[in-house]
file data28.csv (CSV, C-alpha atoms and all ligand atoms)
chain,number,residue,atom,x,y,z
A,1,MET,CA,36.4,161.7,-136.9
A,2,SER,CA,34.2,159.9,-134.5
A,3,PHE,CA,33.4,157.0,-136.8
A,4,ASP,CA,35.4,154.5,-138.8
A,5,SER,CA,35.1,153.6,-142.4
A,6,ASP,CA,33.0,150.5,-141.7
A,7,GLU,CA,30.5,152.5,-139.8
A,8,PHE,CA,30.5,155.1,-142.6
A,9,ARG,CA,29.8,152.4,-145.2
A,10,ARG,CA,27.1,150.9,-143.0
A,11,ALA,CA,25.3,154.3,-142.7
A,12,LEU,CA,25.7,155.0,-146.5
A,13,GLY,CA,24.2,151.5,-147.2
A,14,CYS,CA,21.0,152.6,-145.5
A,15,TYR,CA,20.3,154.9,-148.5
A,16,PRO,CA,18.8,152.7,-151.3
A,17,THR,CA,19.9,153.3,-154.9
A,18,GLY,CA,19.3,151.9,-158.3
A,19,VAL,CA,22.2,150.2,-160.2
A,20,ALA,CA,23.5,151.3,-163.5
A,21,VAL,CA,26.2,150.2,-166.0
A,22,VAL,CA,28.1,153.3,-167.1
A,23,THR,CA,29.7,152.9,-170.5
A,24,ALA,CA,32.0,154.9,-172.7
A,25,LEU,CA,34.1,154.5,-175.8
A,26,GLY,CA,37.8,154.4,-175.0
A,27,THR,CA,40.2,156.5,-176.9
A,28,ASP,CA,41.5,153.2,-178.4
A,29,GLY,CA,38.0,152.4,-179.6
A,30,ALA,CA,37.4,149.7,-177.0
A,31,ARG,CA,34.1,149.6,-175.1
A,32,LEU,CA,34.3,150.5,-171.4
A,33,ALA,CA,31.6,149.5,-168.9
A,34,MET,CA,31.5,149.8,-165.1
A,35,THR,CA,28.7,149.1,-162.6
A,36,ALA,CA,27.9,152.2,-160.6
A,37,SER,CA,25.2,153.0,-158.0
A,38,SER,CA,26.2,156.7,-157.7
A,39,PHE,CA,24.2,157.9,-160.6
A,40,THR,CA,22.2,161.0,-159.7
A,41,SER,CA,20.0,163.5,-161.5
A,42,VAL,CA,21.5,166.9,-161.2
A,43,SER,CA,19.7,169.5,-163.3
A,44,LEU,CA,16.5,169.6,-165.5
A,45,ALA,CA,17.4,172.7,-167.6
A,46,PRO,CA,20.0,172.1,-168.8
A,47,PRO,CA,19.6,168.4,-168.4
A,48,LEU,CA,22.5,167.2,-166.3
A,49,VAL,CA,23.3,163.9,-164.5
A,50,SER,CA,26.3,162.7,-162.6
A,51,PHE,CA,28.1,159.6,-161.2
A,52,CYS,CA,31.1,159.3,-159.0
A,53,LEU,CA,34.2,157.5,-160.4
A,54,ASP,CA,36.6,155.8,-157.9
A,55,ARG,CA,40.2,157.0,-158.4
A,56,ALA,CA,41.3,153.5,-157.4
A,57,SER,CA,39.2,151.8,-160.1
A,58,VAL,CA,41.0,150.1,-163.0
A,59,TRP,CA,38.7,152.1,-165.3
A,60,PHE,CA,39.6,155.5,-163.8
A,61,GLU,CA,42.0,156.7,-166.5
A,62,ALA,CA,39.9,155.4,-169.3
A,63,PHE,CA,36.7,157.1,-168.1
A,64,GLN,CA,38.6,160.3,-167.3
A,65,ALA,CA,39.9,160.4,-170.8
A,66,ALA,CA,36.5,159.9,-172.5
A,67,GLY,CA,34.5,162.9,-173.6
A,68,HIS,CA,31.2,161.1,-173.4
A,69,PHE,CA,29.5,158.4,-171.3
A,70,ALA,CA,26.2,156.6,-171.2
A,71,VAL,CA,24.3,155.5,-168.1
A,72,ASN,CA,22.3,152.3,-168.5
A,73,VAL,CA,19.9,151.9,-165.6
A,74,LEU,CA,19.5,148.2,-164.8
A,75,ARG,CA,16.1,146.5,-164.4
A,76,GLU,CA,15.0,143.8,-162.0
A,77,GLY,CA,16.7,140.5,-162.8
A,78,GLN,CA,19.9,142.1,-164.0
A,79,ALA,CA,22.0,141.5,-160.8
A,80,ARG,CA,24.3,139.1,-162.6
A,81,LEU,CA,25.0,141.7,-165.2
A,82,ALA,CA,25.8,144.2,-162.5
A,83,ASP,CA,28.2,141.8,-160.8
A,84,ASP,CA,29.8,141.0,-164.2
A,85,PHE,CA,30.6,144.7,-164.9
A,86,ALA,CA,31.9,145.2,-161.4
A,87,ARG,CA,34.8,142.8,-162.0
A,88,ILE,CA,38.3,144.1,-162.2
A,89,GLU,CA,38.7,142.1,-165.5
A,90,GLY,CA,35.7,143.8,-167.0
A,91,GLY,CA,32.4,142.3,-167.9
A,92,SER,CA,31.5,140.2,-171.0
A,93,TRP,CA,29.7,141.7,-173.9
A,94,GLN,CA,28.8,138.3,-175.3
A,95,GLY,CA,25.1,137.8,-175.7
A,96,LEU,CA,24.4,141.4,-174.7
A,97,ASP,CA,22.3,143.5,-177.1
A,98,ALA,CA,24.0,146.9,-177.4
A,99,GLU,CA,23.6,149.7,-179.8
A,100,THR,CA,25.1,153.1,-180.3
A,101,TRP,CA,23.4,156.5,-180.8
A,102,ARG,CA,25.4,159.7,-181.4
A,103,THR,CA,28.6,159.3,-179.4
A,104,GLY,CA,29.5,155.7,-179.8
A,105,CYS,CA,28.9,154.9,-176.1
A,106,PRO,CA,27.3,151.5,-175.8
A,107,ILE,CA,23.6,151.6,-174.9
A,108,LEU,CA,22.2,148.4,-173.5
A,109,LYS,CA,18.9,147.7,-175.3
A,110,ASP,CA,17.5,145.8,-172.3
A,111,ALA,CA,18.2,148.7,-169.8
A,112,LEU,CA,15.3,150.2,-167.9
A,113,ALA,CA,16.5,153.6,-169.0
A,114,ALA,CA,19.5,155.0,-170.8
A,115,PHE,CA,21.1,158.5,-170.8
A,116,GLU,CA,23.8,159.4,-173.4
A,117,CYS,CA,25.9,162.3,-172.1
A,118,ARG,CA,28.7,164.7,-173.1
A,119,VAL,CA,31.1,165.3,-170.2
A,120,HIS,CA,30.0,168.7,-168.8
A,121,ALA,CA,32.3,168.9,-165.8
A,122,ARG,CA,34.7,166.9,-163.7
A,123,HIS,CA,34.8,167.7,-160.0
A,124,GLU,CA,37.5,166.5,-157.6
A,125,ALA,CA,35.9,164.9,-154.6
A,126,GLY,CA,38.2,163.1,-152.2
A,127,ASP,CA,39.0,159.6,-153.5
A,128,HIS,CA,36.4,159.9,-156.3
A,129,VAL,CA,35.9,162.3,-159.2
A,130,ILE,CA,32.3,163.5,-159.9
A,131,LEU,CA,31.6,163.3,-163.6
A,132,VAL,CA,28.7,165.5,-164.6
A,133,GLY,CA,27.2,164.8,-168.0
A,134,GLU,CA,25.0,166.9,-170.3
A,135,VAL,CA,22.3,164.6,-171.5
A,136,LEU,CA,22.1,164.3,-175.3
A,137,GLY,CA,19.7,161.4,-175.6
A,138,ILE,CA,17.4,159.2,-173.5
A,139,ALA,CA,15.3,156.1,-173.6
A,140,SER,CA,13.1,154.7,-170.9
A,141,ASP,CA,10.7,151.9,-170.3
A,142,GLY,CA,7.6,153.2,-168.5
A,143,ASP,CA,6.5,149.8,-167.1
A,144,GLY,CA,9.6,147.9,-166.0
A,145,ALA,CA,10.9,147.6,-162.4
A,146,PRO,CA,14.5,148.6,-161.4
A,147,LEU,CA,17.3,146.6,-159.8
A,148,ALA,CA,17.7,148.2,-156.4
A,149,PHE,CA,20.8,148.2,-154.1
A,150,PHE,CA,20.4,148.4,-150.3
A,151,ARG,CA,22.7,147.5,-147.4
A,152,GLY,CA,25.2,146.0,-149.8
A,153,ARG,CA,22.7,143.7,-151.6
A,154,TYR,CA,20.7,143.7,-154.7
A,155,ARG,CA,17.0,144.0,-154.0
A,156,ARG,CA,13.6,144.1,-155.7
A,157,LEU,CA,11.4,147.1,-155.0
A,158,ALA,CA,8.5,146.2,-152.8
A,159,GLY,CA,5.0,147.6,-153.6
A,160,ALA,CA,4.0,151.1,-152.9
A,161,ASP,CA,3.9,152.4,-149.3
B,201,LIG,C1,26.5,147.7,-156.8
B,201,LIG,C2,27.8,148.4,-157.1
B,201,LIG,C3,27.9,149.8,-157.2
B,201,LIG,C4,29.1,150.4,-157.6
B,201,LIG,N1,29.2,151.8,-157.7
B,201,LIG,C5,30.3,152.4,-158.1
B,201,LIG,C6,30.3,153.8,-158.3
B,201,LIG,O1,29.3,154.5,-158.2
B,201,LIG,N2,31.5,154.3,-158.7
B,201,LIG,C7,32.7,153.5,-158.9
B,201,LIG,O2,33.7,154.1,-159.3
B,201,LIG,N3,32.6,152.2,-158.7
B,201,LIG,C8,31.5,151.6,-158.3
B,201,LIG,N4,31.5,150.2,-158.1
B,201,LIG,C9,32.7,149.5,-158.3
B,201,LIG,C10,33.0,149.3,-159.8
B,201,LIG,O3,32.0,148.6,-160.5
B,201,LIG,C11,34.4,148.5,-159.8
B,201,LIG,O4,35.2,149.2,-159.0
B,201,LIG,C12,34.9,148.5,-161.2
B,201,LIG,O5,34.1,147.7,-162.0
B,201,LIG,C13,36.4,148.0,-161.3
B,201,LIG,O6,36.8,147.1,-160.3
B,201,LIG,P1,38.0,147.6,-159.3
B,201,LIG,O7,37.4,148.5,-158.3
B,201,LIG,O8,38.4,146.3,-158.7
B,201,LIG,O9,39.1,148.2,-160.1
B,201,LIG,C14,30.3,149.6,-157.8
B,201,LIG,C15,30.2,148.2,-157.7
B,201,LIG,C16,29.0,147.6,-157.4
B,201,LIG,C17,28.9,146.1,-157.3
call {"tool": "encode", "arguments": {"input": "data28.csv", "output": "structure tokens"}}
result
Amino acid sequence: MSFDSDEFRRALGCYPTGVAVVTALGTDGARLAMTASSFTSVSLAPPLVSFCLDRASVWFEAFQAAGHFAVNVLREGQARLADDFARIEGGSWQGLDAETWRTGCPILKDALAAFECRVHARHEAGDHVILVGEVLGIASDGDGAPLAFFRGRYRRLAGAD
């Protein structure tokens, strides 16, 4: 390998992403939530999306055991929420408006978009597992702006090019 992990991270950070809070209902009934920037659209028909789950995460076993997950795409101004749900102790649900649809996965009512999914496949991928979800339900706000993530920092989208 002609690069080290810092160089690899630096190069990966050049690819801007959105930020999501992935949620699930634990087998014990507890609400799970984890900030993730690895959300990706996968297939239109059937409707599939994915995110990558770090094997080293405290949430790994719980998300692996869940049969469903929901992806809540964060909007501009929700950086604090993203940081909160990236903490090892877990984020706080206090003051958060959440609802459930079909599967019991928490859906954040203030999200820019939400995707409720049934786990379609789990793919081993190095130190992560790729969780592919079949989308069962969606919601989206056609007007709002996303929270963006670029070079390790939260950003606002600039205007059109
Ligand atoms: C902006 C951002 C993006 C993240 N994206 C992912 C991701 O795609 N997959 C993942 O497993 N963890 C991701 N994380 C880390 C998890 O949120 C974090 O690992 C988890 O909440 C638990 O903390 P721990 O890693 O200390 O166990 C991200 C964190 C941040 C702040």
call {"tool": "residues_around", "arguments": {"input": "data28.csv", "residues": "Val58 (chain A)", "least_positions_apart": "5", "cutoff": "12 Å", "atoms": "all atoms listed in the file", "output": "list in words"}}
result
Leu32, Ala33, Met34, Leu53, Phe63, Gln64, Phe85, Ala86, Arg87, Ile88, Glu89 and Gly90 of chain A
call {"tool": "closest_residue", "arguments": {"input": "data28.csv", "among": "A:Arg102, A:Lys109, A:His128, A:Arg155", "to": "ligand LIG 201 (chain B)", "atoms": "only C-alpha atoms and all ligand atoms"}}
result
A:His128
call {"tool": "axis_aligned_box", "arguments": {"input": "data28.csv", "around": "ligand LIG 201 (chain B)", "padding_each_side": "6 Å", "output": "lines of an AutoDock Vina configuration file"}}
result
center_x = 32.8
center_y = 150.3
center_z = -159.4
size_x = 24.6
size_y = 20.4
size_z = 17.2
call {"tool": "residues_near_ligand", "arguments": {"input": "data28.csv", "ligand": "ligand LIG 201 (chain B)", "cutoff": "10 Å", "atoms": "only C-alpha atoms and all ligand atoms", "output": "number ranges by chain"}}
result
A: 17-22, 32-40, 50-60, 63, 79-91, 127-130, 147-150, 152-154
call {"tool": "atom_distance", "arguments": {"input": "data28.csv", "atom1": "CA of Arg9 (chain A)", "atom2": "CA of Val119 (chain A)"}}
result
28.2 Å
call {"tool": "closest_residue", "arguments": {"input": "data28.csv", "among": "A:Glu116, A:Glu61, A:Glu7, A:Glu134", "to": "Val73 (chain A)", "atoms": "all atoms listed in the file"}}
result
A:Glu116
call {"tool": "closest_residue", "arguments": {"input": "data28.csv", "among": "A:Cys117, A:Ala145, A:Ala139, A:Ala111", "to": "Pro46 (chain A)", "atoms": "all atoms listed in the file"}}
result
A:Cys117
call {"tool": "atom_distance", "arguments": {"input": "data28.csv", "atom1": "CA of Thr100 (chain A)", "atom2": "CA of Ala70 (chain A)"}}
result
9.8 Å
call {"tool": "closest_residue", "arguments": {"input": "data28.csv", "among": "A:Cys105, A:Ala158, A:Gly142, A:Val71", "to": "Val49 (chain A)", "atoms": "all atoms listed in the file"}}
result
A:Val71
call {"tool": "atom_distance", "arguments": {"input": "data28.csv", "atom1": "CA of Leu12 (chain A)", "atom2": "CA of Gly144 (chain A)"}}
result
26.3 Å
call {"tool": "closest_residue", "arguments": {"input": "data28.csv", "among": "A:Met1, A:Val42, A:Leu136, A:Ala125", "to": "Trp101 (chain A)", "atoms": "all atoms listed in the file"}}
result
A:Leu136
call {"tool": "closest_residue", "arguments": {"input": "data28.csv", "among": "A:Gly159, A:Gly67, A:Gly77, A:Pro47", "to": "Val135 (chain A)", "atoms": "only C-alpha atoms"}}
result
A:Pro47
call {"tool": "residues_around", "arguments": {"input": "data28.csv", "residues": "Pro106 (chain A)", "least_positions_apart": "4", "cutoff": "8 Å", "atoms": "all atoms listed in the file", "output": "ChimeraX atom specification"}}
result
/A:23-25,31,70,98-100
call {"tool": "residues_near_point", "arguments": {"input": "data28.csv", "point": "(31.3, 162.6, -176.7)", "cutoff": "6 Å", "atoms": "all atoms listed in the file", "output": "list in words"}}
result
Gly67, His68, Thr103 and Arg118 of chain A
call {"tool": "write_last_selection", "arguments": {"input": "data28.csv", "atoms": "C-alpha atoms", "output": "short mmCIF file (atom, residue, chain, number, x, y, z; two decimals), in the frame of the given file"}}
result
data_model
loop_
_atom_site.label_atom_id
_atom_site.label_comp_id
_atom_site.auth_asym_id
_atom_site.auth_seq_id
_atom_site.Cartn_x
_atom_site.Cartn_y
_atom_site.Cartn_z
CA GLY A 67 34.50 162.90 -173.60
CA HIS A 68 31.20 161.10 -173.40
CA THR A 103 28.60 159.30 -179.40
CA ARG A 118 28.70 164.70 -173.10
#
call {"tool": "build_atoms", "arguments": {"input": "data28.csv", "residues": "region 117-153 of chain A", "atoms": "N, CA and C atoms", "output": "PDB file, keeping the file's coordinate frame"}}
result
ATOM      1  N   CYS A 117      25.466 160.971-172.665  1.00  0.00           N
ATOM      2  CA  CYS A 117      25.900 162.300-172.100  1.00  0.00           C
ATOM      3  C   CYS A 117      27.260 162.720-172.724  1.00  0.00           C
ATOM      4  N   ARG A 118      27.381 164.040-172.813  1.00  0.00           N
ATOM      5  CA  ARG A 118      28.700 164.700-173.100  1.00  0.00           C
ATOM      6  C   ARG A 118      29.217 165.147-171.723  1.00  0.00           C
ATOM      7  N   VAL A 119      30.513 164.912-171.469  1.00  0.00           N
ATOM      8  CA  VAL A 119      31.100 165.300-170.200  1.00  0.00           C
ATOM      9  C   VAL A 119      30.977 166.851-170.069  1.00  0.00           C
ATOM     10  N   HIS A 120      30.286 167.309-169.026  1.00  0.00           N
ATOM     11  CA  HIS A 120      30.000 168.700-168.800  1.00  0.00           C
ATOM     12  C   HIS A 120      31.026 169.298-167.805  1.00  0.00           C
ATOM     13  N   ALA A 121      31.376 168.497-166.797  1.00  0.00           N
ATOM     14  CA  ALA A 121      32.300 168.900-165.800  1.00  0.00           C
ATOM     15  C   ALA A 121      32.887 167.731-165.044  1.00  0.00           C
ATOM     16  N   ARG A 122      34.089 167.917-164.527  1.00  0.00           N
ATOM     17  CA  ARG A 122      34.700 166.900-163.700  1.00  0.00           C
ATOM     18  C   ARG A 122      35.069 167.617-162.366  1.00  0.00           C
ATOM     19  N   HIS A 123      34.571 167.119-161.249  1.00  0.00           N
ATOM     20  CA  HIS A 123      34.800 167.700-160.000  1.00  0.00           C
ATOM     21  C   HIS A 123      35.646 166.798-159.074  1.00  0.00           C
ATOM     22  N   GLU A 124      36.757 167.286-158.573  1.00  0.00           N
ATOM     23  CA  GLU A 124      37.500 166.500-157.600  1.00  0.00           C
ATOM     24  C   GLU A 124      36.718 166.333-156.352  1.00  0.00           C
ATOM     25  N   ALA A 125      36.681 165.125-155.823  1.00  0.00           N
ATOM     26  CA  ALA A 125      35.900 164.900-154.600  1.00  0.00           C
ATOM     27  C   ALA A 125      36.526 163.755-153.816  1.00  0.00           C
ATOM     28  N   GLY A 126      37.562 164.083-153.076  1.00  0.00           N
ATOM     29  CA  GLY A 126      38.200 163.100-152.200  1.00  0.00           C
ATOM     30  C   GLY A 126      38.793 161.944-153.083  1.00  0.00           C
ATOM     31  N   ASP A 127      38.441 160.703-152.739  1.00  0.00           N
ATOM     32  CA  ASP A 127      39.000 159.600-153.500  1.00  0.00           C
ATOM     33  C   ASP A 127      38.166 159.251-154.748  1.00  0.00           C
ATOM     34  N   HIS A 128      37.181 160.088-155.060  1.00  0.00           N
ATOM     35  CA  HIS A 128      36.400 159.900-156.300  1.00  0.00           C
ATOM     36  C   HIS A 128      36.465 161.236-157.119  1.00  0.00           C
ATOM     37  N   VAL A 129      36.091 161.126-158.368  1.00  0.00           N
ATOM     38  CA  VAL A 129      35.900 162.300-159.200  1.00  0.00           C
ATOM     39  C   VAL A 129      34.374 162.261-159.603  1.00  0.00           C
ATOM     40  N   ILE A 130      33.700 163.398-159.471  1.00  0.00           N
ATOM     41  CA  ILE A 130      32.300 163.500-159.900  1.00  0.00           C
ATOM     42  C   ILE A 130      32.272 163.869-161.350  1.00  0.00           C
ATOM     43  N   LEU A 131      31.728 162.988-162.169  1.00  0.00           N
ATOM     44  CA  LEU A 131      31.600 163.300-163.600  1.00  0.00           C
ATOM     45  C   LEU A 131      30.165 163.764-163.845  1.00  0.00           C
ATOM     46  N   VAL A 132      30.042 164.983-164.317  1.00  0.00           N
ATOM     47  CA  VAL A 132      28.700 165.500-164.600  1.00  0.00           C
ATOM     48  C   VAL A 132      28.550 165.467-166.144  1.00  0.00           C
ATOM     49  N   GLY A 133      27.417 164.949-166.582  1.00  0.00           N
ATOM     50  CA  GLY A 133      27.200 164.800-168.000  1.00  0.00           C
ATOM     51  C   GLY A 133      25.971 165.617-168.468  1.00  0.00           C
ATOM     52  N   GLU A 134      26.119 166.258-169.606  1.00  0.00           N
ATOM     53  CA  GLU A 134      25.000 166.900-170.300  1.00  0.00           C
ATOM     54  C   GLU A 134      24.271 165.845-171.078  1.00  0.00           C
ATOM     55  N   VAL A 135      22.990 165.668-170.840  1.00  0.00           N
ATOM     56  CA  VAL A 135      22.300 164.600-171.500  1.00  0.00           C
ATOM     57  C   VAL A 135      21.925 164.918-172.925  1.00  0.00           C
ATOM     58  N   LEU A 136      22.362 164.071-173.847  1.00  0.00           N
ATOM     59  CA  LEU A 136      22.100 164.300-175.300  1.00  0.00           C
ATOM     60  C   LEU A 136      20.975 163.453-175.809  1.00  0.00           C
ATOM     61  N   GLY A 137      20.765 162.297-175.167  1.00  0.00           N
ATOM     62  CA  GLY A 137      19.700 161.400-175.600  1.00  0.00           C
ATOM     63  C   GLY A 137      19.254 160.489-174.509  1.00  0.00           C
ATOM     64  N   ILE A 138      17.986 160.092-174.570  1.00  0.00           N
ATOM     65  CA  ILE A 138      17.400 159.200-173.500  1.00  0.00           C
ATOM     66  C   ILE A 138      16.518 158.163-174.112  1.00  0.00           C
ATOM     67  N   ALA A 139      16.338 157.115-173.321  1.00  0.00           N
ATOM     68  CA  ALA A 139      15.300 156.100-173.600  1.00  0.00           C
ATOM     69  C   ALA A 139      14.834 155.599-172.273  1.00  0.00           C
ATOM     70  N   SER A 140      13.565 155.246-172.165  1.00  0.00           N
ATOM     71  CA  SER A 140      13.100 154.700-170.900  1.00  0.00           C
ATOM     72  C   SER A 140      11.904 153.773-171.134  1.00  0.00           C
ATOM     73  N   ASP A 141      11.778 152.794-170.234  1.00  0.00           N
ATOM     74  CA  ASP A 141      10.700 151.900-170.300  1.00  0.00           C
ATOM     75  C   ASP A 141       9.730 152.264-169.142  1.00  0.00           C
ATOM     76  N   GLY A 142       8.556 152.733-169.472  1.00  0.00           N
ATOM     77  CA  GLY A 142       7.600 153.200-168.500  1.00  0.00           C
ATOM     78  C   GLY A 142       7.042 152.176-167.561  1.00  0.00           C
ATOM     79  N   ASP A 143       7.206 150.911-167.901  1.00  0.00           N
ATOM     80  CA  ASP A 143       6.500 149.800-167.100  1.00  0.00           C
ATOM     81  C   ASP A 143       7.466 149.010-166.259  1.00  0.00           C
ATOM     82  N   GLY A 144       8.728 148.899-166.651  1.00  0.00           N
ATOM     83  CA  GLY A 144       9.600 147.900-166.000  1.00  0.00           C
ATOM     84  C   GLY A 144       9.981 148.346-164.565  1.00  0.00           C
ATOM     85  N   ALA A 145      10.504 147.387-163.791  1.00  0.00           N
ATOM     86  CA  ALA A 145      10.900 147.600-162.400  1.00  0.00           C
ATOM     87  C   ALA A 145      12.471 147.679-162.360  1.00  0.00           C
ATOM     88  N   PRO A 146      13.019 148.471-161.443  1.00  0.00           N
ATOM     89  CA  PRO A 146      14.500 148.600-161.400  1.00  0.00           C
ATOM     90  C   PRO A 146      15.138 147.532-160.534  1.00  0.00           C
ATOM     91  N   LEU A 147      16.432 147.352-160.774  1.00  0.00           N
ATOM     92  CA  LEU A 147      17.300 146.600-159.800  1.00  0.00           C
ATOM     93  C   LEU A 147      17.654 147.607-158.752  1.00  0.00           C
ATOM     94  N   ALA A 148      17.406 147.257-157.491  1.00  0.00           N
ATOM     95  CA  ALA A 148      17.700 148.200-156.400  1.00  0.00           C
ATOM     96  C   ALA A 148      18.931 147.626-155.616  1.00  0.00           C
ATOM     97  N   PHE A 149      19.580 148.516-154.877  1.00  0.00           N
ATOM     98  CA  PHE A 149      20.800 148.200-154.100  1.00  0.00           C
ATOM     99  C   PHE A 149      20.589 148.793-152.713  1.00  0.00           C
ATOM    100  N   PHE A 150      20.658 147.966-151.663  1.00  0.00           N
ATOM    101  CA  PHE A 150      20.400 148.400-150.300  1.00  0.00           C
ATOM    102  C   PHE A 150      21.178 147.568-149.330  1.00  0.00           C
ATOM    103  N   ARG A 151      21.900 148.203-148.392  1.00  0.00           N
ATOM    104  CA  ARG A 151      22.700 147.500-147.400  1.00  0.00           C
ATOM    105  C   ARG A 151      23.593 146.422-148.068  1.00  0.00           C
ATOM    106  N   GLY A 152      24.230 146.826-149.175  1.00  0.00           N
ATOM    107  CA  GLY A 152      25.200 146.000-149.800  1.00  0.00           C
ATOM    108  C   GLY A 152      24.653 144.800-150.611  1.00  0.00           C
ATOM    109  N   ARG A 153      23.332 144.780-150.800  1.00  0.00           N
ATOM    110  CA  ARG A 153      22.700 143.700-151.600  1.00  0.00           C
ATOM    111  C   ARG A 153      21.776 144.173-152.621  1.00  0.00           C
TER     112      ARG A 153
END
